[in-house]
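Data block below; observations after.
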Amino acid sequence: MIILGIETSCDETGVALYDSEKGLIGHLLHSQVDMHSEYGGVVPELASRDHIRKLIPLIRQLLCNCHLKSANLDAIAYTAGPGLAGALLVGAATAKSLAWSWDIPAIAIHHMEGHLLAPMLEPDPPTFPFIALLVSGGHTLLVEVNGIGQYQLLGESLDDAAGEAFDKTAKMLGLGYPGGPLLSKLATQGAPNRFKFPRPMTDRPGLDFSFSGLKTFTMNTLHKTQQNFQDKADIAYAFQEAVADTLTIKCRRALQQSGLKRLVVSGGVSANNQIRQTLTAMTEQENARIYFPRLEFCTDNGAMIAFAGCQRYLAGQRENLEIQVNARWPINKLS
């Protein structure tokens, strides 16, 4: 069976086709980065309007590229939350309207479940159960995963998500949008031992995160320097190292407490090279395996939604045609 996936939770319009037998057939992505960079961050109204302009043409192009027609599709999966309400409504309304006109089911997908399952698109996918670190601009979560929809939330950020902290720190340093990749690039020119930043909430039990204090520490450190290029590069290095170490300490703790030997790391921040290296070294020490999605599937994309939709369709999930989204939707509330 063939599932069309639609992703419109924030500032990227993604579509993909997934075949339950052949795997991923094709995918397309339109990024709004250039449009939002002028404003230093995502403008929700502009994001929604751009999804409206781009979504249907992308679906048409994808079907054409894959030599398929609507009659070949068995279901449509779409991101129903969490995310920007207006952007989510564009995808939901489009999916439900096409499902009605094509007489096929539409399946609501949790955005973070899509990220969680993204490594399963790789040639050597993880098997259940495993620990998942979901780390993006809006979320930082540790989840024990025992199957599709079987998610136990172990820890989450109590304030800023890691990706949000990256972007805000990049803005402090005078970098553009999106800040995370630019900060990481700047960090490659930083001195390793000039600054030592704290590893928040690692000196106490538990698996929750907090990055707001680290952001404040960064700002105070910056104000004590001349704020020249090397100062900013050294601060970027120290900040990135602190985030990588904090995530690694918490993941090690989750693996040890659960007794599991598989760690999945996904979401936009999982593309960060320093974080990948630090987590990989830790799993080798713990005699565990680590799984990442390919870089193009770390950020928001239609492929992960199509794959998640296929799994839920095979499990029997069906919905009515009511258009409903959830801007805030805890992953442990999924059935």
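Quick note on naming: the chains in the structure tokens go A, B, ... in the order shown, residues restart at 1 in each chain, and ligands are numbered from 1 in order of appearance.
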
* Who sits within 8 Å of Thr13 of chain A, only C-alpha atoms, same chain under 3 positions skipped, as a PyMOL selection string -> chain A and resi 6-8+29-31+51+54-55+301-302

* All residues 12 Å or closer to Gln257 of chain A, only C-alpha atoms, same chain fewer than 6 positions away omitted, as a list in words -> Ile131, Glu144, Leu154, Pro205, Gly206, Leu207, Lys250 and Cys251 of chain A

* Minimum-distance residue to Glu12 of chain A, chosen among A:Ser270, A:Gln61, A:Thr79, A:Ala118 (using only C-alpha atoms) ->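 Once distances to Glu12 of chain A are computed over only C-alpha atoms, the minimum belongs to A:Thr79.
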
* Quick one: distance from atom CA of Glu286 of chain A to atom CA of Asp245 of chain A in Å, one decimal? ->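 Separation of atom CA of Glu286 of chain A and atom CA of Asp245 of chain A: 15.3 Å.
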
* 12 Å contact set for Ile59 of chain A, only C-alpha atoms, chain neighbours under 2 positions out, as a VMD selection string -> chain A and resid 4 to 7 13 to 17 26 to 30 51 to 57 61 to 66 68 to 70 76 91 94 to 95 98 302

Now that the selection is made, can you save its residues with N, CA and C atoms as an mmCIF file, in the first residue's frame?
data_model
loop_
_atom_site.group_PDB
_atom_site.id
_atom_site.type_symbol
_atom_site.label_atom_id
_atom_site.label_comp_id
_atom_site.auth_asym_id
_atom_site.auth_seq_id
_atom_site.Cartn_x
_atom_site.Cartn_y
_atom_site.Cartn_z
ATOM 1 N N LEU A 4 0.606 8.780 1.286
ATOM 2 C CA LEU A 4 1.101 10.132 1.068
ATOM 3 C C LEU A 4 1.279 10.804 2.418
ATOM 4 N N GLY A 5 2.467 11.336 2.686
ATOM 5 C CA GLY A 5 2.730 12.044 3.927
ATOM 6 C C GLY A 5 2.824 13.540 3.705
ATOM 7 N N ILE A 6 2.225 14.315 4.622
ATOM 8 C CA ILE A 6 2.216 15.775 4.542
ATOM 9 C C ILE A 6 2.714 16.350 5.858
ATOM 10 N N GLU A 7 3.714 17.206 5.788
ATOM 11 C CA GLU A 7 4.265 17.853 6.980
ATOM 12 C C GLU A 7 4.226 19.372 6.820
ATOM 13 N N THR A 13 7.558 22.854 4.217
ATOM 14 C CA THR A 13 6.473 22.108 3.601
ATOM 15 C C THR A 13 7.060 20.830 3.021
ATOM 16 N N GLY A 14 6.698 19.694 3.615
ATOM 17 C CA GLY A 14 7.255 18.419 3.181
ATOM 18 C C GLY A 14 6.182 17.461 2.715
ATOM 19 N N VAL A 15 6.453 16.743 1.640
ATOM 20 C CA VAL A 15 5.546 15.700 1.157
ATOM 21 C C VAL A 15 6.382 14.476 0.788
ATOM 22 N N ALA A 16 5.796 13.303 0.913
ATOM 23 C CA ALA A 16 6.521 12.075 0.598
ATOM 24 C C ALA A 16 5.534 10.964 0.295
ATOM 25 N N LEU A 17 6.023 9.946 -0.402
ATOM 26 C CA LEU A 17 5.242 8.743 -0.689
ATOM 27 C C LEU A 17 5.993 7.540 -0.140
ATOM 28 N N GLY A 26 9.543 8.486 -2.833
ATOM 29 C CA GLY A 26 10.018 9.820 -3.192
ATOM 30 C C GLY A 26 9.586 10.833 -2.157
ATOM 31 N N HIS A 27 10.281 11.968 -2.119
ATOM 32 C CA HIS A 27 9.913 13.029 -1.178
ATOM 33 C C HIS A 27 10.395 14.360 -1.711
ATOM 34 N N LEU A 28 9.701 15.426 -1.329
ATOM 35 C CA LEU A 28 10.052 16.791 -1.714
ATOM 36 C C LEU A 28 9.919 17.691 -0.497
ATOM 37 N N LEU A 29 10.729 18.737 -0.462
ATOM 38 C CA LEU A 29 10.705 19.653 0.672
ATOM 39 C C LEU A 29 10.903 21.086 0.199
ATOM 40 N N HIS A 30 10.049 21.961 0.688
ATOM 41 C CA HIS A 30 10.227 23.394 0.445
ATOM 42 C C HIS A 30 10.499 24.063 1.787
ATOM 43 N N HIS A 51 2.655 27.773 3.203
ATOM 44 C CA HIS A 51 2.197 26.386 3.080
ATOM 45 C C HIS A 51 1.026 26.287 2.102
ATOM 46 N N ILE A 52 0.116 27.264 2.187
ATOM 47 C CA ILE A 52 -1.039 27.269 1.286
ATOM 48 C C ILE A 52 -0.574 27.344 -0.171
ATOM 49 N N ARG A 53 0.415 28.196 -0.438
ATOM 50 C CA ARG A 53 0.900 28.370 -1.808
ATOM 51 C C ARG A 53 1.647 27.141 -2.327
ATOM 52 N N LYS A 54 2.370 26.478 -1.456
ATOM 53 C CA LYS A 54 3.312 25.455 -1.918
ATOM 54 C C LYS A 54 2.801 24.020 -1.828
ATOM 55 N N LEU A 55 1.859 23.720 -0.941
ATOM 56 C CA LEU A 55 1.539 22.321 -0.648
ATOM 57 C C LEU A 55 0.961 21.562 -1.842
ATOM 58 N N ILE A 56 -0.094 22.076 -2.453
ATOM 59 C CA ILE A 56 -0.728 21.358 -3.572
ATOM 60 C C ILE A 56 0.232 21.205 -4.759
ATOM 61 N N PRO A 57 0.963 22.262 -5.155
ATOM 62 C CA PRO A 57 1.943 22.065 -6.240
ATOM 63 C C PRO A 57 3.003 21.017 -5.906
ATOM 64 N N GLN A 61 3.674 17.633 -8.050
ATOM 65 C CA GLN A 61 5.012 17.353 -8.569
ATOM 66 C C GLN A 61 5.514 15.996 -8.092
ATOM 67 N N LEU A 62 5.258 15.666 -6.824
ATOM 68 C CA LEU A 62 5.708 14.388 -6.273
ATOM 69 C C LEU A 62 5.038 13.223 -6.986
ATOM 70 N N LEU A 63 3.734 13.304 -7.181
ATOM 71 C CA LEU A 63 3.026 12.238 -7.883
ATOM 72 C C LEU A 63 3.552 12.084 -9.306
ATOM 73 N N CYS A 64 3.821 13.205 -9.950
ATOM 74 C CA CYS A 64 4.355 13.167 -11.312
ATOM 75 C C CYS A 64 5.746 12.542 -11.326
ATOM 76 N N ASN A 65 6.597 12.954 -10.380
ATOM 77 C CA ASN A 65 7.961 12.419 -10.316
ATOM 78 C C ASN A 65 7.978 10.911 -10.118
ATOM 79 N N CYS A 66 6.994 10.419 -9.348
ATOM 80 C CA CYS A 66 6.940 8.988 -9.018
ATOM 81 C C CYS A 66 6.051 8.197 -9.976
ATOM 82 N N LEU A 68 2.842 8.283 -10.444
ATOM 83 C CA LEU A 68 1.662 7.775 -9.755
ATOM 84 C C LEU A 68 0.514 8.762 -9.896
ATOM 85 N N LYS A 69 -0.694 8.259 -9.653
ATOM 86 C CA LYS A 69 -1.892 9.082 -9.637
ATOM 87 C C LYS A 69 -2.600 8.916 -8.303
ATOM 88 N N SER A 70 -3.581 9.760 -8.056
ATOM 89 C CA SER A 70 -4.308 9.678 -6.785
ATOM 90 C C SER A 70 -4.947 8.306 -6.594
ATOM 91 N N ILE A 76 -3.726 9.051 3.340
ATOM 92 C CA ILE A 76 -2.949 10.271 3.489
ATOM 93 C C ILE A 76 -2.635 10.460 4.969
ATOM 94 N N GLY A 91 -2.110 21.834 6.534
ATOM 95 C CA GLY A 91 -1.883 20.426 6.205
ATOM 96 C C GLY A 91 -3.093 19.561 6.489
ATOM 97 N N THR A 94 -5.937 20.290 3.948
ATOM 98 C CA THR A 94 -5.583 19.731 2.639
ATOM 99 C C THR A 94 -5.722 18.214 2.653
ATOM 100 N N ALA A 95 -5.190 17.584 3.690
ATOM 101 C CA ALA A 95 -5.248 16.121 3.779
ATOM 102 C C ALA A 95 -6.686 15.622 3.847
ATOM 103 N N LEU A 98 -8.471 16.195 0.384
ATOM 104 C CA LEU A 98 -8.045 15.232 -0.625
ATOM 105 C C LEU A 98 -8.545 13.829 -0.286
ATOM 106 N N GLY A 302 8.454 15.243 5.029
ATOM 107 C CA GLY A 302 7.270 14.431 4.777
ATOM 108 C C GLY A 302 7.515 12.942 4.882
#

If you count only C-alpha atoms, which residues fall within 12 Å of Thr246 of chain A, apart from same-chain ones fewer than 3 positions away, as a PDB file with N, CA, C and O atoms, in the first residue's frame?
ATOM      1  N   THR A 140      12.686  18.911  23.701  1.00  0.00           N
ATOM      2  CA  THR A 140      13.781  18.057  24.122  1.00  0.00           C
ATOM      3  C   THR A 140      13.174  17.007  25.037  1.00  0.00           C
ATOM      4  O   THR A 140      12.739  17.323  26.155  1.00  0.00           O
ATOM      5  N   SER A 157      12.414  19.013  28.699  1.00  0.00           N
ATOM      6  CA  SER A 157      12.948  20.307  29.094  1.00  0.00           C
ATOM      7  C   SER A 157      11.905  21.059  29.905  1.00  0.00           C
ATOM      8  O   SER A 157      10.724  21.112  29.540  1.00  0.00           O
ATOM      9  N   ALA A 162      16.522  22.435  23.547  1.00  0.00           N
ATOM     10  CA  ALA A 162      17.923  22.594  23.154  1.00  0.00           C
ATOM     11  C   ALA A 162      18.048  23.411  21.877  1.00  0.00           C
ATOM     12  O   ALA A 162      18.909  24.309  21.770  1.00  0.00           O
ATOM     13  N   PHE A 197      31.492  26.050  30.638  1.00  0.00           N
ATOM     14  CA  PHE A 197      30.098  26.348  30.936  1.00  0.00           C
ATOM     15  C   PHE A 197      29.483  25.234  31.785  1.00  0.00           C
ATOM     16  O   PHE A 197      29.922  24.082  31.722  1.00  0.00           O
ATOM     17  N   PRO A 198      28.437  25.530  32.552  1.00  0.00           N
ATOM     18  CA  PRO A 198      27.787  24.503  33.382  1.00  0.00           C
ATOM     19  C   PRO A 198      27.029  23.485  32.531  1.00  0.00           C
ATOM     20  O   PRO A 198      26.644  23.779  31.393  1.00  0.00           O
ATOM     21  N   ARG A 199      26.828  22.310  33.112  1.00  0.00           N
ATOM     22  CA  ARG A 199      25.995  21.260  32.508  1.00  0.00           C
ATOM     23  C   ARG A 199      24.710  21.202  33.326  1.00  0.00           C
ATOM     24  O   ARG A 199      24.660  20.552  34.365  1.00  0.00           O
ATOM     25  N   PRO A 200      23.656  21.906  32.897  1.00  0.00           N
ATOM     26  CA  PRO A 200      22.479  22.116  33.751  1.00  0.00           C
ATOM     27  C   PRO A 200      21.790  20.822  34.185  1.00  0.00           C
ATOM     28  O   PRO A 200      21.575  19.905  33.383  1.00  0.00           O
ATOM     29  N   MET A 201      21.452  20.760  35.466  1.00  0.00           N
ATOM     30  CA  MET A 201      20.639  19.695  36.072  1.00  0.00           C
ATOM     31  C   MET A 201      21.280  18.310  35.974  1.00  0.00           C
ATOM     32  O   MET A 201      20.595  17.301  36.111  1.00  0.00           O
ATOM     33  N   THR A 202      22.581  18.263  35.763  1.00  0.00           N
ATOM     34  CA  THR A 202      23.254  16.957  35.719  1.00  0.00           C
ATOM     35  C   THR A 202      23.785  16.545  37.088  1.00  0.00           C
ATOM     36  O   THR A 202      24.225  15.408  37.257  1.00  0.00           O
ATOM     37  N   ASP A 203      23.751  17.462  38.057  1.00  0.00           N
ATOM     38  CA  ASP A 203      24.243  17.164  39.395  1.00  0.00           C
ATOM     39  C   ASP A 203      23.134  16.713  40.338  1.00  0.00           C
ATOM     40  O   ASP A 203      23.313  16.666  41.551  1.00  0.00           O
ATOM     41  N   LEU A 207      15.789  12.858  34.798  1.00  0.00           N
ATOM     42  CA  LEU A 207      16.096  12.922  33.371  1.00  0.00           C
ATOM     43  C   LEU A 207      15.532  14.156  32.691  1.00  0.00           C
ATOM     44  O   LEU A 207      15.475  14.216  31.471  1.00  0.00           O
ATOM     45  N   ASP A 208      15.100  15.138  33.473  1.00  0.00           N
ATOM     46  CA  ASP A 208      14.616  16.385  32.889  1.00  0.00           C
ATOM     47  C   ASP A 208      15.791  17.268  32.488  1.00  0.00           C
ATOM     48  O   ASP A 208      16.920  17.111  32.961  1.00  0.00           O
ATOM     49  N   PHE A 209      15.498  18.226  31.605  1.00  0.00           N
ATOM     50  CA  PHE A 209      16.508  19.148  31.089  1.00  0.00           C
ATOM     51  C   PHE A 209      16.125  20.589  31.430  1.00  0.00           C
ATOM     52  O   PHE A 209      14.952  20.898  31.664  1.00  0.00           O
ATOM     53  N   SER A 210      17.119  21.461  31.410  1.00  0.00           N
ATOM     54  CA  SER A 210      16.891  22.899  31.528  1.00  0.00           C
ATOM     55  C   SER A 210      18.027  23.609  30.813  1.00  0.00           C
ATOM     56  O   SER A 210      19.193  23.396  31.134  1.00  0.00           O
ATOM     57  N   PHE A 211      17.682  24.460  29.864  1.00  0.00           N
ATOM     58  CA  PHE A 211      18.710  25.170  29.109  1.00  0.00           C
ATOM     59  C   PHE A 211      18.626  26.688  29.253  1.00  0.00           C
ATOM     60  O   PHE A 211      19.462  27.409  28.719  1.00  0.00           O
ATOM     61  N   LEU A 214      21.683  28.048  31.148  1.00  0.00           N
ATOM     62  CA  LEU A 214      22.884  27.991  30.308  1.00  0.00           C
ATOM     63  C   LEU A 214      22.905  29.173  29.343  1.00  0.00           C
ATOM     64  O   LEU A 214      23.960  29.769  29.093  1.00  0.00           O
ATOM     65  N   PHE A 239      29.513  26.718  24.612  1.00  0.00           N
ATOM     66  CA  PHE A 239      28.067  26.492  24.696  1.00  0.00           C
ATOM     67  C   PHE A 239      27.684  25.157  24.063  1.00  0.00           C
ATOM     68  O   PHE A 239      26.964  24.353  24.660  1.00  0.00           O
ATOM     69  N   GLN A 240      28.164  24.927  22.848  1.00  0.00           N
ATOM     70  CA  GLN A 240      27.827  23.684  22.151  1.00  0.00           C
ATOM     71  C   GLN A 240      28.325  22.464  22.919  1.00  0.00           C
ATOM     72  O   GLN A 240      27.617  21.455  23.029  1.00  0.00           O
ATOM     73  N   GLU A 241      29.527  22.555  23.478  1.00  0.00           N
ATOM     74  CA  GLU A 241      30.080  21.453  24.260  1.00  0.00           C
ATOM     75  C   GLU A 241      29.222  21.174  25.483  1.00  0.00           C
ATOM     76  O   GLU A 241      28.979  20.019  25.839  1.00  0.00           O
ATOM     77  N   ALA A 242      28.731  22.245  26.136  1.00  0.00           N
ATOM     78  CA  ALA A 242      27.893  22.086  27.323  1.00  0.00           C
ATOM     79  C   ALA A 242      26.576  21.394  26.982  1.00  0.00           C
ATOM     80  O   ALA A 242      26.109  20.518  27.722  1.00  0.00           O
ATOM     81  N   VAL A 243      25.967  21.775  25.871  1.00  0.00           N
ATOM     82  CA  VAL A 243      24.708  21.139  25.458  1.00  0.00           C
ATOM     83  C   VAL A 243      24.951  19.666  25.121  1.00  0.00           C
ATOM     84  O   VAL A 243      24.202  18.779  25.546  1.00  0.00           O
ATOM     85  N   ILE A 249      25.002  13.018  29.182  1.00  0.00           N
ATOM     86  CA  ILE A 249      24.876  12.571  30.575  1.00  0.00           C
ATOM     87  C   ILE A 249      23.469  12.024  30.833  1.00  0.00           C
ATOM     88  O   ILE A 249      23.293  10.971  31.464  1.00  0.00           O
ATOM     89  N   LYS A 250      22.471  12.720  30.349  1.00  0.00           N
ATOM     90  CA  LYS A 250      21.089  12.284  30.561  1.00  0.00           C
ATOM     91  C   LYS A 250      20.779  10.998  29.792  1.00  0.00           C
ATOM     92  O   LYS A 250      20.074  10.113  30.293  1.00  0.00           O
ATOM     93  N   CYS A 251      21.303  10.888  28.573  1.00  0.00           N
ATOM     94  CA  CYS A 251      21.063   9.662  27.789  1.00  0.00           C
ATOM     95  C   CYS A 251      21.762   8.464  28.429  1.00  0.00           C
ATOM     96  O   CYS A 251      21.205   7.360  28.462  1.00  0.00           O
ATOM     97  N   ARG A 252      22.969   8.662  28.922  1.00  0.00           N
ATOM     98  CA  ARG A 252      23.671   7.577  29.610  1.00  0.00           C
ATOM     99  C   ARG A 252      22.853   7.110  30.822  1.00  0.00           C
ATOM    100  O   ARG A 252      22.685   5.918  31.064  1.00  0.00           O
ATOM    101  N   ARG A 253      22.330   8.079  31.553  1.00  0.00           N
ATOM    102  CA  ARG A 253      21.524   7.767  32.737  1.00  0.00           C
ATOM    103  C   ARG A 253      20.265   6.986  32.345  1.00  0.00           C
ATOM    104  O   ARG A 253      19.876   6.032  33.022  1.00  0.00           O
ATOM    105  N   ILE A 275      27.268  16.943  18.810  1.00  0.00           N
ATOM    106  CA  ILE A 275      26.337  16.135  19.586  1.00  0.00           C
ATOM    107  C   ILE A 275      26.362  14.693  19.121  1.00  0.00           C
ATOM    108  O   ILE A 275      26.351  13.755  19.938  1.00  0.00           O
ATOM    109  N   THR A 278      29.676  13.076  20.467  1.00  0.00           N
ATOM    110  CA  THR A 278      29.684  12.865  21.918  1.00  0.00           C
ATOM    111  C   THR A 278      28.754  11.725  22.317  1.00  0.00           C
ATOM    112  O   THR A 278      29.106  10.872  23.155  1.00  0.00           O
ATOM    113  N   LEU A 279      27.579  11.669  21.722  1.00  0.00           N
ATOM    114  CA  LEU A 279      26.629  10.594  22.030  1.00  0.00           C
ATOM    115  C   LEU A 279      27.135   9.244  21.523  1.00  0.00           C
ATOM    116  O   LEU A 279      26.970   8.217  22.189  1.00  0.00           O
ATOM    117  N   MET A 282      29.701   7.885  23.875  1.00  0.00           N
ATOM    118  CA  MET A 282      29.079   7.386  25.104  1.00  0.00           C
ATOM    119  C   MET A 282      28.466   6.006  24.903  1.00  0.00           C
ATOM    120  O   MET A 282      28.625   5.112  25.746  1.00  0.00           O
TER     121      MET A 282
END

* **Shell around Lys185 of chain A at 10 Å using only C-alpha atoms, local window under 6 positions removed, as a ChimeraX atom specification** => /A:179,233,236-237,272-273

Could you write out the selected residues, including all heavy atoms, as an mmCIF file, in the first residue's frame?
data_model
loop_
_atom_site.group_PDB
_atom_site.id
_atom_site.type_symbol
_atom_site.label_atom_id
_atom_site.label_comp_id
_atom_site.auth_asym_id
_atom_site.auth_seq_id
_atom_site.Cartn_x
_atom_site.Cartn_y
_atom_site.Cartn_z
ATOM 1 N N GLY A 179 19.738 29.951 13.668
ATOM 2 C CA GLY A 179 20.961 30.172 14.407
ATOM 3 C C GLY A 179 21.772 28.935 14.709
ATOM 4 O O GLY A 179 23.005 29.004 14.779
ATOM 5 N N ALA A 233 33.575 32.980 18.946
ATOM 6 C CA ALA A 233 33.855 31.599 18.538
ATOM 7 C C ALA A 233 34.132 30.721 19.755
ATOM 8 O O ALA A 233 33.661 29.578 19.836
ATOM 9 C CB ALA A 233 35.036 31.566 17.576
ATOM 10 N N ALA A 236 30.849 30.121 21.517
ATOM 11 C CA ALA A 236 30.053 29.151 20.758
ATOM 12 C C ALA A 236 30.533 27.733 21.017
ATOM 13 O O ALA A 236 29.736 26.807 21.193
ATOM 14 C CB ALA A 236 30.118 29.475 19.265
ATOM 15 N N TYR A 237 31.850 27.554 21.042
ATOM 16 C CA TYR A 237 32.424 26.221 21.318
ATOM 17 C C TYR A 237 32.003 25.743 22.698
ATOM 18 O O TYR A 237 31.559 24.601 22.864
ATOM 19 C CB TYR A 237 33.946 26.276 21.220
ATOM 20 C CG TYR A 237 34.604 24.920 21.410
ATOM 21 C CD1 TYR A 237 34.986 24.154 20.320
ATOM 22 C CD2 TYR A 237 34.818 24.404 22.686
ATOM 23 C CE1 TYR A 237 35.566 22.906 20.489
ATOM 24 C CE2 TYR A 237 35.394 23.158 22.874
ATOM 25 C CZ TYR A 237 35.768 22.416 21.774
ATOM 26 O OH TYR A 237 36.328 21.168 21.962
ATOM 27 N N ASN A 272 23.547 18.030 14.511
ATOM 28 C CA ASN A 272 24.752 18.678 15.022
ATOM 29 C C ASN A 272 25.886 17.667 15.170
ATOM 30 O O ASN A 272 25.745 16.656 15.853
ATOM 31 C CB ASN A 272 24.435 19.328 16.375
ATOM 32 C CG ASN A 272 25.624 20.031 16.978
ATOM 33 O OD1 ASN A 272 26.519 19.403 17.533
ATOM 34 N ND2 ASN A 272 25.630 21.348 16.886
ATOM 35 N N ASN A 273 27.011 17.947 14.535
ATOM 36 C CA ASN A 273 28.114 16.993 14.495
ATOM 37 C C ASN A 273 28.718 16.738 15.878
ATOM 38 O O ASN A 273 29.041 15.599 16.226
ATOM 39 C CB ASN A 273 29.190 17.500 13.534
ATOM 40 C CG ASN A 273 30.256 16.457 13.269
ATOM 41 O OD1 ASN A 273 29.958 15.334 12.874
ATOM 42 N ND2 ASN A 273 31.506 16.810 13.496
#

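For segment 40-43 of chain A, the residues within 7 Å (counting only C-alpha atoms, excluding itself and residues fewer than 5 positions away along the chain) are Asp11, Gly176 and Tyr177 of chain A.
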
Write the residues you've just listed into a file as a PDB file, in the first residue's frame, and include C-alpha atoms for each of them.
ATOM      1  CA  ASP A  11       8.410  26.525   8.425  1.00  0.00           C
ATOM      2  CA  GLY A 176      21.557  35.031  11.487  1.00  0.00           C
ATOM      3  CA  TYR A 177      18.595  32.664  11.254  1.00  0.00           C
TER       4      TYR A 177
END

* Using only C-alpha atoms, which of the listed residues (A:Pro105, A:Gly86, A:Pro293, A:Gly180) sits closest to Pro125 of chain A? ->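 For Pro125 of chain A, the nearest of the given residues is A:Pro293.
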
* **Top pick for closest residue to Arg289 of chain A, considering A:Pro119, A:Pro126, A:Gly147, A:Gly83 and counting only C-alpha atoms** =>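 Answer, going by the shortest atom-to-atom distance: A:Pro126.
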
* To do: Please run DSSP on the backbone and report, as a list in words, all residues within segment 15-68 of chain A that come out as alpha helix (DSSP H).
  =>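 Output for segment 15-68 of chain A, alpha helix (DSSP H) only: Val33, Asp34, Met35, His36, Ser37, Pro44, Glu45, Leu46, Ala47, Ser48, Arg49, Asp50, His51, Ile52, Arg53, Lys54, Leu55, Ile56, Pro57, Leu58, Ile59, Arg60, Gln61, Leu62, Leu63, Cys64 and Asn65 of chain A.
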
File dump, residues just selected, N, CA and C atoms, as a compact mmCIF listing (two decimals), in the first residue's frame:
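Output (result39.txt):
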# COMPACT_ATOMS: atom_id res chain seq x y z
N VAL A 33 13.16 29.11 5.07
CA VAL A 33 14.25 29.77 5.80
C VAL A 33 14.55 31.16 5.24
N ASP A 34 14.67 31.28 3.94
CA ASP A 34 15.02 32.57 3.34
C ASP A 34 13.97 33.63 3.67
N MET A 35 12.71 33.23 3.68
CA MET A 35 11.64 34.19 3.95
C MET A 35 11.68 34.67 5.40
N HIS A 36 11.88 33.74 6.34
CA HIS A 36 11.84 34.09 7.76
C HIS A 36 13.14 34.73 8.24
N SER A 37 14.26 34.51 7.54
CA SER A 37 15.54 35.04 7.99
C SER A 37 15.52 36.56 8.07
N PRO A 44 4.52 33.16 12.19
CA PRO A 44 3.48 32.14 11.96
C PRO A 44 2.54 32.43 10.80
N GLU A 45 2.09 33.68 10.68
CA GLU A 45 1.15 34.00 9.60
C GLU A 45 1.79 33.81 8.23
N LEU A 46 3.03 34.23 8.09
CA LEU A 46 3.73 34.05 6.82
C LEU A 46 3.96 32.57 6.53
N ALA A 47 4.26 31.81 7.58
CA ALA A 47 4.46 30.37 7.40
C ALA A 47 3.20 29.71 6.87
N SER A 48 2.06 30.03 7.46
CA SER A 48 0.79 29.43 7.03
C SER A 48 0.48 29.77 5.58
N ARG A 49 0.65 31.02 5.23
CA ARG A 49 0.34 31.44 3.86
C ARG A 49 1.26 30.76 2.84
N ASP A 50 2.51 30.57 3.22
CA ASP A 50 3.42 29.92 2.29
C ASP A 50 3.08 28.44 2.12
N HIS A 51 2.65 27.77 3.20
CA HIS A 51 2.20 26.39 3.08
C HIS A 51 1.03 26.29 2.10
N ILE A 52 0.12 27.26 2.19
CA ILE A 52 -1.04 27.27 1.29
C ILE A 52 -0.57 27.34 -0.17
N ARG A 53 0.42 28.20 -0.44
CA ARG A 53 0.90 28.37 -1.81
C ARG A 53 1.65 27.14 -2.33
N LYS A 54 2.37 26.48 -1.46
CA LYS A 54 3.31 25.45 -1.92
C LYS A 54 2.80 24.02 -1.83
N LEU A 55 1.86 23.72 -0.94
CA LEU A 55 1.54 22.32 -0.65
C LEU A 55 0.96 21.56 -1.84
N ILE A 56 -0.09 22.08 -2.45
CA ILE A 56 -0.73 21.36 -3.57
C ILE A 56 0.23 21.20 -4.76
N PRO A 57 0.96 22.26 -5.15
CA PRO A 57 1.94 22.06 -6.24
C PRO A 57 3.00 21.02 -5.91
N LEU A 58 3.43 20.94 -4.66
CA LEU A 58 4.41 19.92 -4.28
C LEU A 58 3.83 18.52 -4.40
N ILE A 59 2.57 18.35 -3.99
CA ILE A 59 1.93 17.03 -4.09
C ILE A 59 1.82 16.62 -5.56
N ARG A 60 1.40 17.56 -6.40
CA ARG A 60 1.29 17.26 -7.83
C ARG A 60 2.65 16.87 -8.42
N GLN A 61 3.67 17.63 -8.05
CA GLN A 61 5.01 17.35 -8.57
C GLN A 61 5.51 16.00 -8.09
N LEU A 62 5.26 15.67 -6.82
CA LEU A 62 5.71 14.39 -6.27
C LEU A 62 5.04 13.22 -6.99
N LEU A 63 3.73 13.30 -7.18
CA LEU A 63 3.03 12.24 -7.88
C LEU A 63 3.55 12.08 -9.31
N CYS A 64 3.82 13.21 -9.95
CA CYS A 64 4.36 13.17 -11.31
C CYS A 64 5.75 12.54 -11.33
N ASN A 65 6.60 12.95 -10.38
CA ASN A 65 7.96 12.42 -10.32
C ASN A 65 7.98 10.91 -10.12

* **Using only C-alpha atoms: which of A:Leu222, A:Ala165, A:Ile290, A:Ala106 has the shortest distance to Gln317 of chain A** => A:Ala106

* Asked: Could you state the separation of atom CA of Cys10 of chain A and atom CA of Leu88 of chain A in Å, given to one decimal place?
  -> 7.6 Å

* **Residue nearest Ile148 of chain A - candidates A:Leu321, A:Met219, A:Leu116, A:Val264, atoms counted: only C-alpha atoms** =>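 Nearest candidate to Ile148 of chain A out of A:Leu321, A:Met219, A:Leu116, A:Val264: A:Leu116.
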
* To do: Can you work out which one of A:Leu158, A:Leu175, A:Leu153, A:Leu142 has the shortest atom-to-atom distance to Leu263 of chain A, counting only C-alpha atoms?
  => A:Leu142

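The spacing separating atom CA of Gln324 of chain A from atom CA of Gly81 of chain A amounts to 9.5 Å.
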
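Residues lying within 9 Å of Glu21 of chain A, counting only C-alpha atoms and ignoring same-chain neighbours fewer than 3 positions away, are Met1, Ile2 and Tyr18 of chain A.
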